[in-house]
Amino acid sequence: MKDIFIKFLFPFYRAHSLLVSGKKHVLMFHRICADKGADSLQLNVELFRELLIYILGHGEIVGIDDLFINTEKNSAVNKYVLTLDDGYEDNHSLLFPVLKEFNVSATIFLATGGVKRGYLDFDMVQWTLRKSSGKEFAHPLSGISIKPFDPDEYLSVSREVIKSLKTISHSARVSFVEDLVSHYSPPPLNRCMLTWDQIREMSNSGLVSFGAHTVNHPIISKLTRSEALFEIESSKQDIYDNTGFYPKYFAYPNGKSCDYNDETVSLLRETNYCGAFTTVPGFYEDAVDEFNVPRIDVTSDSITSRNGRFNGEKFSVLSSSLWRYIKQFRDRLS
Ligand SMILES: [Zn+2]
């Protein structure tokens, strides 16, 4: 469906691009993988390389601080900032070598509790269901239950469970994950997040800066004020304690406009963050509030043709404001 939109809209995009050149775009990624990737949060490393080549042929990649510097009004050069959320280990093993190869910078937003434990709650849910026999599970406190399922279908079951977990309170989510693990008793889950050694190595290279993404990756709008303050302050302190740098920027977990609120922004300002990033699509303009910076979610589906090959035209449409209208139209249809 998206390909049809792109084909139809690309001629309009060409005209439109004359109006939007010179914009700053913040690209959002999560995991980089060596294979096809199990879900939309994973992007193949070769596709990532091709994307960088395309971007560098059509604009420049700048550091996150450049976003907030007023540039020359007449500049027609598109600027791109690379950001990655969560802090997965592949950001060191697969992303970092590519950043060094192209000598470009990126910012990684860390969920510091994940760095400490080695995984996020959602990873544990997926792992537990993957290793389960597919028997049913009920959790009255959260109201979430799992019907008996074919273990081969664990990915789609996990997706549904994770979707439900984003709608409940953080304490109910913690209780759900604990009970799920004791119900299915999976083998230990191996570390999939970065270590502090890897984070320091990347930080020392000067190519990677780190921002905060809370401790436990909760939906902040579902927290009490003191819980939200803990997530915002402690993630900042964790990064300072382990790197010697206070993070300047923050990324809201899940990042939609309903996932944080005015109180979250006040807490971020009070704790001296300089800006915060959402997952709301759009490009940065000087008038954008620095605590509501939109980003462009780059998935393999959004930058490849049906044959799986990299498609620069598709990326161009994605990174223009036209994408916002396509998305709104598509959401209305679905
Ligand atoms: Zn996240």
# chains A, B, ... in the order shown; residues from 1 in each chain; ligands from 1
>>> residues_near_ligand(ligand="ligand 1", cutoff="6 Å", atoms="only C-alpha atoms and all ligand atoms", output="list in words")
Asp85, Asp86, Pro253 and Asn254 of chain A
>>> write_last_selection(atoms="C-alpha atoms", output="short mmCIF file (atom, residue, chain, number, x, y, z; two decimals), in the first residue's frame")
data_model
loop_
_atom_site.label_atom_id
_atom_site.label_comp_id
_atom_site.auth_asym_id
_atom_site.auth_seq_id
_atom_site.Cartn_x
_atom_site.Cartn_y
_atom_site.Cartn_z
CA ASP A 85 16.61 4.64 21.31
CA ASP A 86 17.06 2.14 24.15
CA PRO A 253 9.66 6.17 25.85
CA ASN A 254 7.13 5.31 23.14
#
>>> residues_around(residues="region 232-244 of chain A", least_positions_apart="6", cutoff="6 Å", atoms="only C-alpha atoms", output="number ranges by chain")
A: 112, 200, 212, 214-215
>>> select_by_dssp(residues="region 16-240 of chain A", states="strand (DSSP E)", output="ChimeraX atom specification")
/A:24-29,31-33,42-44,59-61,78-86,106-110,137-139,144-146,208-212
>>> write_last_selection(atoms="N, CA and C atoms", output="compact mmCIF listing (two decimals), in the first residue's frame")
# COMPACT_ATOMS: atom_id res chain seq x y z
N LYS A 24 16.08 20.51 8.89
CA LYS A 24 16.84 19.61 9.77
C LYS A 24 15.93 18.43 10.09
N HIS A 25 16.45 17.23 9.89
CA HIS A 25 15.66 16.02 10.11
C HIS A 25 16.32 15.19 11.21
N VAL A 26 15.54 14.77 12.17
CA VAL A 26 16.07 13.88 13.20
C VAL A 26 15.57 12.48 12.90
N LEU A 27 16.48 11.59 12.55
CA LEU A 27 16.10 10.22 12.21
C LEU A 27 16.15 9.35 13.46
N MET A 28 15.20 8.45 13.58
CA MET A 28 15.14 7.57 14.75
C MET A 28 15.29 6.10 14.34
N PHE A 29 16.19 5.43 15.04
CA PHE A 29 16.39 3.99 14.85
C PHE A 29 16.34 3.35 16.23
N ARG A 31 17.27 -0.83 16.75
CA ARG A 31 18.29 -1.88 16.67
C ARG A 31 18.82 -2.00 15.25
N ILE A 32 20.09 -2.32 15.12
CA ILE A 32 20.72 -2.59 13.83
C ILE A 32 21.03 -4.09 13.84
N CYS A 33 20.71 -4.79 12.74
CA CYS A 33 20.91 -6.23 12.77
C CYS A 33 21.65 -6.69 11.51
N GLN A 42 14.07 -3.25 13.99
CA GLN A 42 15.41 -3.71 13.58
C GLN A 42 15.67 -3.34 12.13
N LEU A 43 16.83 -2.72 11.89
CA LEU A 43 17.20 -2.33 10.53
C LEU A 43 18.50 -3.03 10.16
N ASN A 44 18.50 -3.65 8.98
CA ASN A 44 19.70 -4.36 8.51
C ASN A 44 20.87 -3.38 8.35
N GLY A 59 22.79 15.66 1.42
CA GLY A 59 22.77 16.58 2.57
C GLY A 59 23.94 16.25 3.47
N GLU A 60 23.83 16.62 4.73
CA GLU A 60 24.93 16.28 5.64
C GLU A 60 24.40 15.78 6.97
N ILE A 61 25.24 14.98 7.64
CA ILE A 61 24.87 14.45 8.96
C ILE A 61 25.57 15.31 10.00
N ASN A 78 20.08 20.04 3.34
CA ASN A 78 19.35 19.28 4.34
C ASN A 78 20.31 18.72 5.37
N LYS A 79 19.93 18.85 6.63
CA LYS A 79 20.79 18.33 7.69
C LYS A 79 20.07 17.19 8.40
N TYR A 80 20.82 16.15 8.75
CA TYR A 80 20.24 14.97 9.38
C TYR A 80 20.97 14.67 10.69
N VAL A 81 20.19 14.36 11.70
CA VAL A 81 20.74 13.93 12.99
C VAL A 81 20.33 12.47 13.18
N LEU A 82 21.28 11.62 13.53
CA LEU A 82 20.99 10.20 13.74
C LEU A 82 20.76 9.94 15.23
N THR A 83 19.63 9.36 15.58
CA THR A 83 19.38 9.00 16.98
C THR A 83 18.93 7.54 17.06
N LEU A 84 19.31 6.89 18.15
CA LEU A 84 18.88 5.50 18.39
C LEU A 84 18.33 5.42 19.81
N ASP A 85 17.22 4.75 19.98
CA ASP A 85 16.61 4.64 21.31
C ASP A 85 16.94 3.30 21.96
N ASP A 86 16.99 3.31 23.26
CA ASP A 86 17.06 2.14 24.15
C ASP A 86 18.49 1.75 24.56
N ALA A 106 26.31 10.13 16.03
CA ALA A 106 24.95 9.69 16.38
C ALA A 106 24.75 9.88 17.88
N THR A 107 23.51 9.91 18.28
CA THR A 107 23.17 10.00 19.70
C THR A 107 22.34 8.79 20.08
N ILE A 108 22.71 8.14 21.17
CA ILE A 108 21.97 6.97 21.65
C ILE A 108 21.30 7.33 22.98
N PHE A 109 19.98 7.15 23.03
CA PHE A 109 19.23 7.41 24.25
C PHE A 109 19.13 6.11 25.06
N LEU A 110 19.70 6.15 26.26
CA LEU A 110 19.82 4.92 27.06
C LEU A 110 18.71 4.78 28.10
N PHE A 137 -2.28 -18.04 30.14
CA PHE A 137 -1.81 -17.29 31.30
C PHE A 137 -2.80 -16.15 31.56
N ALA A 138 -3.15 -15.97 32.83
CA ALA A 138 -4.06 -14.86 33.17
C ALA A 138 -3.43 -14.02 34.27
N HIS A 139 -3.59 -12.73 34.17
CA HIS A 139 -3.04 -11.82 35.18
C HIS A 139 -4.15 -10.84 35.58
N ILE A 144 -4.76 -8.47 31.76
CA ILE A 144 -4.22 -9.02 30.52
C ILE A 144 -4.15 -10.54 30.64
N SER A 145 -4.66 -11.22 29.64
CA SER A 145 -4.55 -12.67 29.66
C SER A 145 -4.07 -13.15 28.29
N ILE A 146 -3.47 -14.34 28.31
CA ILE A 146 -2.96 -14.93 27.07
C ILE A 146 -3.69 -16.25 26.87
N VAL A 208 29.91 9.34 19.25
CA VAL A 208 28.62 8.98 19.83
C VAL A 208 28.39 9.76 21.13
N SER A 209 27.24 10.43 21.21
CA SER A 209 26.86 11.05 22.48
C SER A 209 25.66 10.27 23.03
N PHE A 210 25.46 10.41 24.32
CA PHE A 210 24.39 9.64 24.96
C PHE A 210 23.38 10.55 25.63
N GLY A 211 22.12 10.23 25.42
CA GLY A 211 21.03 10.93 26.07
C GLY A 211 20.31 9.96 26.99
N ALA A 212 19.35 10.47 27.76
CA ALA A 212 18.63 9.61 28.70
C ALA A 212 17.27 9.21 28.12
>>> select_by_dssp(residues="region 69-190 of chain A", states="alpha helix (DSSP H)", output="VMD selection string")
chain A and resid 90 96 to 102 112 to 117 121 to 130 154 to 165 170 to 184
>>> write_last_selection(atoms="N, CA and C atoms", output="compact mmCIF listing (two decimals), in the first residue's frame")
# COMPACT_ATOMS: atom_id res chain seq x y z
N ASP A 90 23.78 -4.18 19.73
CA ASP A 90 24.13 -4.08 18.31
C ASP A 90 24.52 -2.65 17.92
N PHE A 96 28.35 1.10 15.39
CA PHE A 96 29.57 1.87 15.68
C PHE A 96 30.63 1.74 14.56
N PRO A 97 30.90 0.51 14.04
CA PRO A 97 31.87 0.42 12.93
C PRO A 97 31.45 1.24 11.71
N VAL A 98 30.15 1.32 11.43
CA VAL A 98 29.69 2.10 10.27
C VAL A 98 29.86 3.60 10.53
N LEU A 99 29.58 4.02 11.76
CA LEU A 99 29.78 5.44 12.10
C LEU A 99 31.26 5.81 11.91
N LYS A 100 32.15 4.89 12.32
CA LYS A 100 33.60 5.16 12.18
C LYS A 100 33.98 5.19 10.70
N GLU A 101 33.43 4.25 9.93
CA GLU A 101 33.74 4.19 8.49
C GLU A 101 33.38 5.50 7.79
N PHE A 102 32.23 6.09 8.14
CA PHE A 102 31.79 7.32 7.47
C PHE A 102 32.16 8.57 8.27
N THR A 112 18.65 3.28 31.28
CA THR A 112 19.80 2.84 32.07
C THR A 112 19.53 1.58 32.90
N GLY A 113 18.27 1.33 33.23
CA GLY A 113 17.95 0.09 33.94
C GLY A 113 18.20 -1.11 33.03
N GLY A 114 17.97 -0.93 31.73
CA GLY A 114 18.24 -1.98 30.75
C GLY A 114 19.73 -2.25 30.65
N VAL A 115 20.53 -1.19 30.71
CA VAL A 115 21.99 -1.36 30.68
C VAL A 115 22.42 -2.16 31.91
N LYS A 116 21.81 -1.85 33.05
CA LYS A 116 22.17 -2.52 34.29
C LYS A 116 21.76 -4.00 34.28
N ARG A 117 20.50 -4.27 33.88
CA ARG A 117 19.98 -5.65 33.91
C ARG A 117 20.41 -6.47 32.70
N ASP A 121 12.06 -4.86 29.90
CA ASP A 121 10.88 -5.70 30.19
C ASP A 121 10.32 -6.37 28.94
N PHE A 122 10.25 -5.57 27.85
CA PHE A 122 9.63 -6.08 26.63
C PHE A 122 10.46 -7.23 26.03
N ASP A 123 11.81 -7.16 26.22
CA ASP A 123 12.65 -8.27 25.74
C ASP A 123 12.34 -9.53 26.53
N MET A 124 12.12 -9.34 27.86
CA MET A 124 11.83 -10.49 28.71
C MET A 124 10.49 -11.12 28.35
N VAL A 125 9.51 -10.28 28.02
CA VAL A 125 8.20 -10.81 27.62
C VAL A 125 8.36 -11.66 26.36
N GLN A 126 9.08 -11.13 25.38
CA GLN A 126 9.25 -11.85 24.12
C GLN A 126 10.02 -13.16 24.32
N TRP A 127 11.07 -13.09 25.12
CA TRP A 127 11.89 -14.27 25.41
C TRP A 127 11.08 -15.35 26.12
N THR A 128 10.30 -14.91 27.13
CA THR A 128 9.51 -15.85 27.93
C THR A 128 8.49 -16.57 27.05
N LEU A 129 7.83 -15.82 26.18
CA LEU A 129 6.82 -16.44 25.32
C LEU A 129 7.48 -17.32 24.26
N ARG A 130 8.67 -16.93 23.82
CA ARG A 130 9.40 -17.74 22.83
C ARG A 130 9.77 -19.10 23.42
N TYR A 154 4.87 -17.08 18.69
CA TYR A 154 5.20 -16.28 19.88
C TYR A 154 5.40 -14.79 19.56
N LEU A 155 5.90 -14.48 18.34
CA LEU A 155 6.18 -13.07 18.02
C LEU A 155 4.90 -12.24 17.97
N SER A 156 3.87 -12.79 17.29
CA SER A 156 2.63 -12.01 17.20
C SER A 156 1.94 -11.95 18.56
N VAL A 157 2.04 -13.02 19.36
CA VAL A 157 1.46 -12.98 20.71
C VAL A 157 2.20 -11.93 21.55
N SER A 158 3.53 -11.91 21.45
CA SER A 158 4.33 -10.92 22.20
C SER A 158 3.92 -9.51 21.82
N ARG A 159 3.76 -9.28 20.53
CA ARG A 159 3.39 -7.94 20.06
C ARG A 159 2.09 -7.47 20.69
N GLU A 160 1.11 -8.37 20.75
CA GLU A 160 -0.19 -8.02 21.34
C GLU A 160 -0.04 -7.74 22.83
N VAL A 161 0.74 -8.58 23.52
CA VAL A 161 0.93 -8.40 24.96
C VAL A 161 1.64 -7.06 25.22
N ILE A 162 2.68 -6.78 24.45
CA ILE A 162 3.45 -5.54 24.65
C ILE A 162 2.57 -4.32 24.39
N LYS A 163 1.71 -4.44 23.38
CA LYS A 163 0.77 -3.35 23.09
C LYS A 163 -0.14 -3.09 24.31
N SER A 164 -0.62 -4.17 24.92
CA SER A 164 -1.49 -4.02 26.10
C SER A 164 -0.70 -3.45 27.28
N LEU A 165 0.56 -3.88 27.42
CA LEU A 165 1.36 -3.42 28.56
C LEU A 165 1.60 -1.91 28.52
N HIS A 170 2.59 1.51 35.43
CA HIS A 170 3.91 0.90 35.45
C HIS A 170 3.98 -0.23 36.48
N SER A 171 3.34 -0.02 37.65
CA SER A 171 3.39 -1.06 38.68
C SER A 171 2.67 -2.33 38.21
N ALA A 172 1.57 -2.17 37.48
CA ALA A 172 0.86 -3.35 36.95
C ALA A 172 1.74 -4.05 35.91
N ARG A 173 2.48 -3.27 35.14
CA ARG A 173 3.35 -3.87 34.12
C ARG A 173 4.46 -4.70 34.79
N VAL A 174 5.05 -4.12 35.84
CA VAL A 174 6.13 -4.84 36.54
C VAL A 174 5.58 -6.14 37.11
N SER A 175 4.40 -6.07 37.72
CA SER A 175 3.78 -7.26 38.31
C SER A 175 3.48 -8.29 37.22
N PHE A 176 2.98 -7.83 36.06
CA PHE A 176 2.67 -8.75 34.96
C PHE A 176 3.92 -9.51 34.53
N VAL A 177 5.02 -8.78 34.33
CA VAL A 177 6.24 -9.42 33.81
C VAL A 177 6.77 -10.43 34.83
N GLU A 178 6.74 -10.05 36.11
CA GLU A 178 7.20 -10.98 37.17
C GLU A 178 6.38 -12.27 37.16
N ASP A 179 5.06 -12.09 37.10
CA ASP A 179 4.18 -13.26 37.14
C ASP A 179 4.30 -14.11 35.88
N LEU A 180 4.49 -13.44 34.74
CA LEU A 180 4.65 -14.16 33.47
C LEU A 180 5.88 -15.06 33.53
N VAL A 181 6.99 -14.49 34.06
CA VAL A 181 8.25 -15.24 34.14
C VAL A 181 8.10 -16.42 35.10
N SER A 182 7.44 -16.17 36.25
CA SER A 182 7.32 -17.30 37.19
C SER A 182 6.34 -18.36 36.65
N HIS A 183 5.39 -17.96 35.82
CA HIS A 183 4.43 -18.90 35.23
C HIS A 183 5.11 -19.83 34.22
N TYR A 184 5.95 -19.25 33.33
CA TYR A 184 6.53 -20.06 32.25
C TYR A 184 7.96 -20.56 32.56
>>> atom_distance(atom1="CA of Leu194 (chain A)", atom2="CA of Leu94 (chain A)")
11.9 Å
>>> closest_residue(among="A:Ile220, A:Ile303, A:Leu52, A:Met202", to="Asp262 (chain A)", atoms="only C-alpha atoms")
A:Ile220
>>> closest_residue(among="A:Lys23, A:Lys36, A:His92, A:Lys314", to="Ser203 (chain A)", atoms="only C-alpha atoms")
A:His92
>>> atom_distance(atom1="CA of Glu136 (chain A)", atom2="CA of Leu120 (chain A)")
22.9 Å
>>> closest_residue(among="A:Gly63, A:Phe68, A:Leu229, A:Ile55", to="Asp289 (chain A)", atoms="only C-alpha atoms")
A:Phe68
>>> closest_residue(among="A:Leu268, A:Cys258, A:Leu207, A:Ile168", to="Glu231 (chain A)", atoms="only C-alpha atoms")
A:Leu268
